[in-house]
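This is data_23.pdb. It holds PDB, C-alpha atoms.
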```pdb
ATOM      1  CA  MET K  78     -13.526  33.771 -21.198
ATOM      2  CA  PRO K  79     -10.347  34.627 -19.193
ATOM      3  CA  ASN K  80      -7.439  32.222 -19.430
ATOM      4  CA  GLY K  81      -7.801  29.544 -16.712
ATOM      5  CA  ALA K  82     -11.460  30.356 -15.978
ATOM      6  CA  VAL K  83     -13.855  27.443 -15.635
ATOM      7  CA  PRO K  84     -17.217  27.330 -17.449
ATOM      8  CA  GLY K  85     -20.187  27.523 -15.077
ATOM      9  CA  LEU K  86     -18.200  29.079 -12.228
ATOM     10  CA  PRO K  87     -17.953  32.737 -11.217
ATOM     11  CA  PRO K  88     -15.584  34.952 -13.230
ATOM     12  CA  GLY K  89     -12.107  34.983 -11.766
ATOM     13  CA  THR K  90     -12.314  31.369 -10.584
ATOM     14  CA  GLU K  91      -9.098  29.751 -11.735
ATOM     15  CA  ALA K  92      -8.735  26.209 -13.025
ATOM     16  CA  GLY K  93      -6.273  25.395 -10.257
ATOM     17  CA  ALA K  94      -8.848  26.123  -7.575
ATOM     18  CA  ALA K  95     -11.898  24.479  -9.109
ATOM     19  CA  GLY K  96     -10.541  21.879 -11.495
ATOM     20  CA  VAL K  97     -10.436  21.629 -15.272
ATOM     21  CA  PRO K  98     -13.522  20.181 -16.985
ATOM     22  CA  LEU K  99     -12.817  17.499 -19.566
ATOM     23  CA  GLY K 100     -15.888  16.700 -21.608
ATOM     24  CA  GLU K 101     -18.738  15.672 -19.346
ATOM     25  CA  PHE K 102     -16.844  12.903 -17.560
ATOM     26  CA  ALA K 103     -14.068  14.529 -15.511
ATOM     27  CA  LEU K 104     -13.046  17.591 -13.523
ATOM     28  CA  LEU K 105      -9.279  17.452 -13.238
ATOM     29  CA  ASP K 106      -7.622  18.626 -10.036
ATOM     30  CA  VAL K 107      -4.547  20.099 -11.737
ATOM     31  CA  ASP K 108      -3.515  21.972  -8.576
ATOM     32  CA  ARG K 109      -3.047  18.828  -6.506
ATOM     33  CA  ARG K 110       0.731  18.465  -6.930
ATOM     34  CA  ARG K 111       1.343  22.022  -5.729
ATOM     35  CA  ARG K 112      -1.094  21.552  -2.850
ATOM     36  CA  THR K 113      -0.138  18.089  -1.612
ATOM     37  CA  GLY K 114       3.096  17.122  -3.369
ATOM     38  CA  VAL K 115       1.300  14.340  -5.272
ATOM     39  CA  PRO K 116      -0.298  15.023  -8.663
ATOM     40  CA  GLU K 117      -3.741  13.792  -9.609
ATOM     41  CA  VAL K 118      -3.495  10.210 -10.893
ATOM     42  CA  ILE K 119      -6.015   8.564 -13.208
ATOM     43  CA  PHE K 120      -7.747   5.457 -11.882
ATOM     44  CA  GLY K 121      -8.313   3.612 -15.139
ATOM     45  CA  GLU K 122     -10.697   0.943 -13.935
ATOM     46  CA  GLY K 123     -14.195   1.631 -15.276
ATOM     47  CA  LYS K 124     -12.991   4.221 -17.788
ATOM     48  CA  THR K 125     -12.794   3.753 -21.550
ATOM     49  CA  PRO K 126      -9.406   3.858 -23.300
ATOM     50  CA  GLU K 127     -10.379   7.134 -24.973
ATOM     51  CA  GLN K 128     -11.233   8.701 -21.629
ATOM     52  CA  ILE K 129      -7.916   7.556 -20.146
ATOM     53  CA  PHE K 130      -5.935   8.874 -23.115
ATOM     54  CA  ALA K 131      -7.749  12.211 -22.943
ATOM     55  CA  LEU K 132      -7.075  12.509 -19.213
ATOM     56  CA  LEU K 133      -3.406  11.607 -19.634
ATOM     57  CA  ALA K 134      -3.004  14.175 -22.404
ATOM     58  CA  GLU K 135      -4.661  16.938 -20.378
ATOM     59  CA  LEU K 136      -2.703  16.204 -17.208
ATOM     60  CA  ARG K 137       0.537  16.108 -19.164
ATOM     61  CA  ALA K 138      -0.231  19.403 -20.910
ATOM     62  CA  ARG K 139      -1.119  21.106 -17.623
ATOM     63  CA  ASP K 140       2.030  20.014 -15.763
ATOM     64  CA  LEU K 141       5.123  19.522 -17.910
ATOM     65  CA  GLU K 142       7.331  19.177 -14.825
ATOM     66  CA  ALA K 143       5.865  15.801 -13.835
ATOM     67  CA  PRO K 144       4.785  12.634 -15.650
ATOM     68  CA  ALA K 145       1.079  11.916 -15.966
ATOM     69  CA  LEU K 146       0.135   8.543 -14.469
ATOM     70  CA  ALA K 147      -2.790   6.191 -14.970
ATOM     71  CA  THR K 148      -3.283   3.011 -12.914
ATOM     72  CA  ARG K 149      -5.495  -0.063 -13.460
ATOM     73  CA  CYS K 150      -5.298   0.453 -17.227
ATOM     74  CA  PRO K 151      -6.994  -1.925 -19.677
ATOM     75  CA  ALA K 152      -4.955  -3.718 -22.352
ATOM     76  CA  GLY K 153      -5.912  -1.207 -25.048
ATOM     77  CA  VAL K 154      -4.268   1.606 -23.103
ATOM     78  CA  LEU K 155      -1.171  -0.387 -22.162
ATOM     79  CA  ASP K 156      -0.640  -1.492 -25.775
ATOM     80  CA  GLY K 157      -1.540   1.784 -27.452
ATOM     81  CA  ALA K 158      -0.028   4.453 -25.204
ATOM     82  CA  ALA K 159       3.280   4.721 -27.059
ATOM     83  CA  THR K 160       1.575   5.523 -30.357
ATOM     84  CA  ARG K 161      -0.792   8.035 -28.739
ATOM     85  CA  PHE K 162       2.088  10.063 -27.274
ATOM     86  CA  PRO K 163       4.824   9.803 -29.927
ATOM     87  CA  GLY K 164       6.690  12.923 -28.808
ATOM     88  CA  ASP K 165       6.944  11.981 -25.151
ATOM     89  CA  ALA K 166       8.499   9.265 -23.021
ATOM     90  CA  VAL K 167       5.934   6.551 -22.294
ATOM     91  CA  HIS K 168       6.367   3.938 -19.583
ATOM     92  CA  ALA K 169       3.788   1.135 -19.766
ATOM     93  CA  ASP K 170       4.035  -1.701 -17.234
ATOM     94  CA  GLN K 171       1.958  -4.672 -18.372
ATOM     95  CA  VAL K 172       2.182  -6.388 -14.980
ATOM     96  CA  ALA K 173       1.363  -3.301 -12.915
ATOM     97  CA  GLY K 174      -1.293  -2.065 -15.326
ATOM     98  CA  THR K 175       0.205   1.438 -15.231
ATOM     99  CA  VAL K 176       1.023   4.000 -17.908
ATOM    100  CA  ALA K 177       3.179   7.056 -17.249
ATOM    101  CA  VAL K 178       3.602   9.767 -19.876
ATOM    102  CA  GLY K 179       6.649  12.010 -19.508
ATOM    103  CA  ALA K 180      10.237  11.633 -18.401
ATOM    104  CA  LEU K 181      10.604  10.131 -14.948
ATOM    105  CA  PRO K 182      12.148  12.466 -12.359
ATOM    106  CA  PRO K 183      15.535  11.685 -10.781
ATOM    107  CA  ALA K 184      15.123   8.984  -8.146
ATOM    108  CA  ARG K 185      16.126   9.488  -4.534
ATOM    109  CA  GLY K 186      15.739   7.477  -1.368
ATOM    110  CA  ASN K 187      15.608   3.713  -1.013
ATOM    111  CA  VAL K 188      12.273   1.896  -0.782
ATOM    112  CA  LEU K 189      12.075  -1.890  -0.862
ATOM    113  CA  VAL K 190       8.789  -3.412  -2.037
ATOM    114  CA  VAL K 191       8.477  -6.979  -0.731
ATOM    115  CA  THR K 192       5.919  -9.584  -1.768
ATOM    116  CA  ALA K 193       4.854 -12.705   0.070
ATOM    117  CA  GLY K 194       4.176 -14.531  -3.194
ATOM    118  CA  THR K 195       4.500 -14.221  -6.947
ATOM    119  CA  THR K 196       0.751 -13.614  -7.207
ATOM    120  CA  ASP K 197       1.218 -10.384  -5.248
ATOM    121  CA  LEU K 198       3.529  -8.945  -7.908
ATOM    122  CA  LYS K 199       0.840  -6.977  -9.750
ATOM    123  CA  VAL K 200       0.153  -4.860  -6.676
ATOM    124  CA  ALA K 201       3.871  -4.584  -5.875
ATOM    125  CA  ARG K 202       4.664  -3.412  -9.397
ATOM    126  CA  GLU K 203       1.890  -0.809  -9.215
ATOM    127  CA  CYS K 204       3.590   0.466  -6.076
ATOM    128  CA  ALA K 205       7.035   0.543  -7.705
ATOM    129  CA  ALA K 206       5.732   2.257 -10.861
ATOM    130  CA  THR K 207       4.019   4.935  -8.786
ATOM    131  CA  LEU K 208       7.174   5.521  -6.749
ATOM    132  CA  ALA K 209       9.161   6.004  -9.968
ATOM    133  CA  VAL K 210       6.701   8.701 -11.099
ATOM    134  CA  LEU K 211       7.053  10.369  -7.683
ATOM    135  CA  GLY K 212      10.842  10.412  -7.933
ATOM    136  CA  VAL K 213      11.621   7.639  -5.462
ATOM    137  CA  ARG K 214      13.954   4.722  -6.034
ATOM    138  CA  ALA K 215      12.250   1.366  -5.462
ATOM    139  CA  ASP K 216      13.443  -2.225  -5.712
ATOM    140  CA  VAL K 217      11.162  -5.258  -5.637
ATOM    141  CA  LEU K 218      11.926  -8.383  -3.611
ATOM    142  CA  ALA K 219       9.440 -11.083  -4.591
ATOM    143  CA  ASP K 220       8.189 -14.363  -3.133
ATOM    144  CA  VAL K 221       9.644 -14.332   0.394
ATOM    145  CA  GLY K 222       6.504 -15.165   2.370
ATOM    146  CA  VAL K 223       6.227 -16.840   5.764
ATOM    147  CA  ALA K 224       5.550 -20.308   4.328
ATOM    148  CA  GLY K 225       9.306 -20.493   3.730
ATOM    149  CA  LEU K 226      10.681 -17.996   6.222
ATOM    150  CA  GLY K 227      14.317 -18.750   5.382
ATOM    151  CA  ARG K 228      13.858 -16.884   2.095
ATOM    152  CA  LEU K 229      13.122 -13.681   4.006
ATOM    153  CA  LEU K 230      15.788 -14.176   6.660
ATOM    154  CA  ALA K 231      18.401 -14.539   3.931
ATOM    155  CA  ARG K 232      17.573 -10.964   2.839
ATOM    156  CA  VAL K 233      17.492  -9.230   6.212
ATOM    157  CA  ASP K 234      20.452  -7.026   5.255
ATOM    158  CA  ASP K 235      18.488  -5.733   2.263
ATOM    159  CA  LEU K 236      15.490  -5.046   4.483
ATOM    160  CA  ARG K 237      17.593  -3.136   6.992
ATOM    161  CA  ALA K 238      19.274  -1.063   4.266
ATOM    162  CA  ALA K 239      15.955   0.377   3.089
ATOM    163  CA  GLU K 240      14.557   3.679   4.355
ATOM    164  CA  CYS K 241      11.005   2.359   4.023
ATOM    165  CA  VAL K 242       9.655  -1.122   3.302
ATOM    166  CA  VAL K 243       6.331  -1.845   1.629
ATOM    167  CA  VAL K 244       5.139  -5.404   2.270
ATOM    168  CA  VAL K 245       2.509  -6.848  -0.061
ATOM    169  CA  ALA K 246       0.778 -10.040   1.095
ATOM    170  CA  GLY K 247      -2.464 -11.958   0.727
ATOM    171  CA  MET K 248      -3.619 -15.228   2.346
ATOM    172  CA  ASP K 249      -3.082 -14.718   6.116
ATOM    173  CA  GLY K 250      -1.260 -11.408   5.639
ATOM    174  CA  ALA K 251       1.414 -12.334   8.176
ATOM    175  CA  LEU K 252       4.517 -11.069   6.383
ATOM    176  CA  PRO K 253       4.288  -7.339   7.298
ATOM    177  CA  SER K 254       4.205  -8.203  11.011
ATOM    178  CA  VAL K 255       7.354 -10.308  10.637
ATOM    179  CA  VAL K 256       9.187  -7.599   8.696
ATOM    180  CA  ALA K 257       8.153  -4.877  11.146
ATOM    181  CA  GLY K 258       9.616  -6.999  13.956
ATOM    182  CA  LEU K 259      13.010  -7.168  12.231
ATOM    183  CA  ILE K 260      13.816  -3.613  11.118
ATOM    184  CA  ARG K 261      13.819   0.014  12.265
ATOM    185  CA  ALA K 262      12.507   1.569   9.051
ATOM    186  CA  PRO K 263       8.793   2.342   8.599
ATOM    187  CA  VAL K 264       6.779  -0.597   7.236
ATOM    188  CA  ILE K 265       3.655  -0.225   5.115
ATOM    189  CA  GLY K 266       1.431  -3.290   4.782
ATOM    190  CA  VAL K 267      -0.621  -3.874   1.637
ATOM    191  CA  PRO K 268      -3.176  -6.688   1.924
ATOM    192  CA  THR K 269      -4.029  -8.335  -1.391
ATOM    193  CA  SER K 270      -7.103 -10.188  -2.575
ATOM    194  CA  VAL K 271      -5.092 -13.411  -2.944
ATOM    195  CA  GLY K 272      -6.233 -16.564  -1.166
ATOM    196  CA  TYR K 273      -8.796 -19.328  -0.902
ATOM    197  CA  GLY K 274     -12.250 -19.211   0.706
ATOM    198  CA  VAL K 275     -11.995 -17.547   4.094
ATOM    199  CA  ALA K 276      -9.336 -15.171   2.794
ATOM    200  CA  ALA K 277     -12.492 -13.318   1.663
ATOM    201  CA  GLY K 278     -10.936 -11.273  -1.096
ATOM    202  CA  GLY K 279      -8.233  -9.816   1.144
ATOM    203  CA  LEU K 280     -10.330  -9.108   4.235
ATOM    204  CA  ALA K 281      -8.488 -11.756   6.265
ATOM    205  CA  ALA K 282      -5.104 -10.317   5.302
ATOM    206  CA  ALA K 283      -6.261  -6.777   6.065
ATOM    207  CA  ALA K 284      -7.628  -7.789   9.471
ATOM    208  CA  SER K 285      -4.445  -9.684  10.311
ATOM    209  CA  MET K 286      -2.258  -6.690   9.444
ATOM    210  CA  LEU K 287      -4.462  -4.270  11.365
ATOM    211  CA  ALA K 288      -4.388  -6.587  14.392
ATOM    212  CA  SER K 289      -0.604  -6.946  14.239
ATOM    213  CA  CYS K 290       1.342  -6.946  17.482
ATOM    214  CA  SER K 291       4.333  -5.371  15.687
ATOM    215  CA  PRO K 292       4.202  -1.669  16.622
ATOM    216  CA  GLY K 293       4.591   0.954  13.927
ATOM    217  CA  LEU K 294       3.041  -1.027  11.082
ATOM    218  CA  VAL K 295       0.624   1.028   8.972
ATOM    219  CA  VAL K 296      -1.826  -0.609   6.574
ATOM    220  CA  VAL K 297      -3.468   0.632   3.374
ATOM    221  CA  ASN K 298      -6.519  -0.707   1.603
ATOM    222  CA  ILE K 299      -6.725  -4.078  -0.154
ATOM    223  CA  ASP K 300      -4.677  -4.189  -3.388
ATOM    224  CA  ASN K 301      -3.785  -0.500  -2.992
ATOM    225  CA  GLY K 302      -0.214  -0.447  -4.241
ATOM    226  CA  PHE K 303      -0.736   3.146  -5.350
ATOM    227  CA  GLY K 304      -1.724   4.324  -1.860
ATOM    228  CA  ALA K 305       1.264   2.567  -0.307
ATOM    229  CA  ALA K 306       3.574   4.268  -2.799
ATOM    230  CA  VAL K 307       2.234   7.725  -1.994
ATOM    231  CA  HIS K 308       2.727   7.154   1.743
ATOM    232  CA  ALA K 309       6.248   5.808   1.171
ATOM    233  CA  ALA K 310       7.111   8.785  -1.066
ATOM    234  CA  LYS K 311       6.049  11.226   1.649
ATOM    235  CA  ILE K 312       8.289   9.417   4.126
ATOM    236  CA  ILE K 313      11.239   9.629   1.719
ATOM    237  CA  ARG K 314      10.634  13.321   1.099
ATOM    238  CA  ALA K 315      10.643  13.954   4.856
ATOM    239  CA  VAL K 316      13.985  12.153   5.130
ATOM    240  CA  HIS K 317      15.544  13.929   2.133
ATOM    241  CA  ARG K 318      14.377  17.512   2.620
TER     242      ARG K 318
END
```

Could you take the file, read its structure, and then write that structure out as structure tokens?
Amino acid sequence: MPNGAVPGLPPGTEAGAAGVPLGEFALLDVDRRRRTGVPEVIFGEGKTPEQIFALLAELRARDLEAPALATRCPAGVLDGAATRFPGDAVHADQVAGTVAVGALPPARGNVLVVTAGTTDLKVARECAATLAVLGVRADVLADVGVAGLGRLLARVDDLRAAECVVVVAGMDGALPSVVAGLIRAPVIGVPTSVGYGVAAGGLAAAASMLASCSPGLVVVNIDNGFGAAVHAAKIIRAVHR
């Protein structure tokens, strides 16, 4: 079979166009980074550790210029990744639940990831870890929610210095609206599934952010730190062409 051809597809079909089969459980889109600027990333939830390790190894082998990233990783992957890839740099974030295999690219830009509460840190750290893989500098500012607004107002200079701000909040999801009303930079809201009863697993926060009266606020899905990072990275790349 020709190099790069895919079993079951017409001769001449390259792996980059149709994906790379991995066992019977995955068809890797190894062309995605060239096509969109963002490589395929493994969503670890629902996958076995062996499947995640196999996917990481294949993605890394197919694209040596970028780290391979898996999100929502179980403990077995977070604890065992370093031994599975002994010849490569491994970055495992126990809080974020992410594993990156390969040297991180040089960081550019300035993204600030802000959380309303400490409980939102898991999603914020997923965002920061993804930005690092995408070559974007990110700092995390935690626990500055609207219940104690002075904490946020004391850091307005930091907010205004950023080229993009990602705001992660559960409960009533009010913090992104406040931040968007204070700064010129783009603001990305990330609702989280944090909160009692009527918070409804993040639906209240998502609705609040979507109904914001602060113009220019964009909102990603509940707990989607990864999606916020990708959007922020595209903003940074547009600024630093």

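When CA of Pro253 in chain K is paired with CA of Ser291 in chain K, their separation reads 8.6 Å.
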
Near range 195-219 of chain K, 10 Å: range 94-125 of chain K residue rows, closest pairs, all atoms listed in the file, as JSON lines:
```
{"residue": "K:Gly114", "atom": "CA", "partner": "K:Leu211", "partner_atom": "CA", "distance": 8.9}
{"residue": "K:Val115", "atom": "CA", "partner": "K:Leu211", "partner_atom": "CA", "distance": 7.4}
{"residue": "K:Pro116", "atom": "CA", "partner": "K:Leu211", "partner_atom": "CA", "distance": 8.8}
{"residue": "K:Val118", "atom": "CA", "partner": "K:Thr207", "partner_atom": "CA", "distance": 9.4}
```

Care to translate the PyMOL selection byres ((chain K and resi 164) around 12) into actual residues of this file, as a ChimeraX atom specification?
/K:134,137,158-163,165-167,178-180

Considering all atoms listed in the file, state which residue in the set K:Met248, K:Ala138, K:Leu259, K:Val154 is at the smallest distance from Ala283 in chain K.
K:Met248

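For the residues K:Val255, K:Leu226, K:Ala288, K:Val242, ranking by smallest atom-to-atom distance to His308 in chain K using all atoms listed in the file places K:Val242 first.
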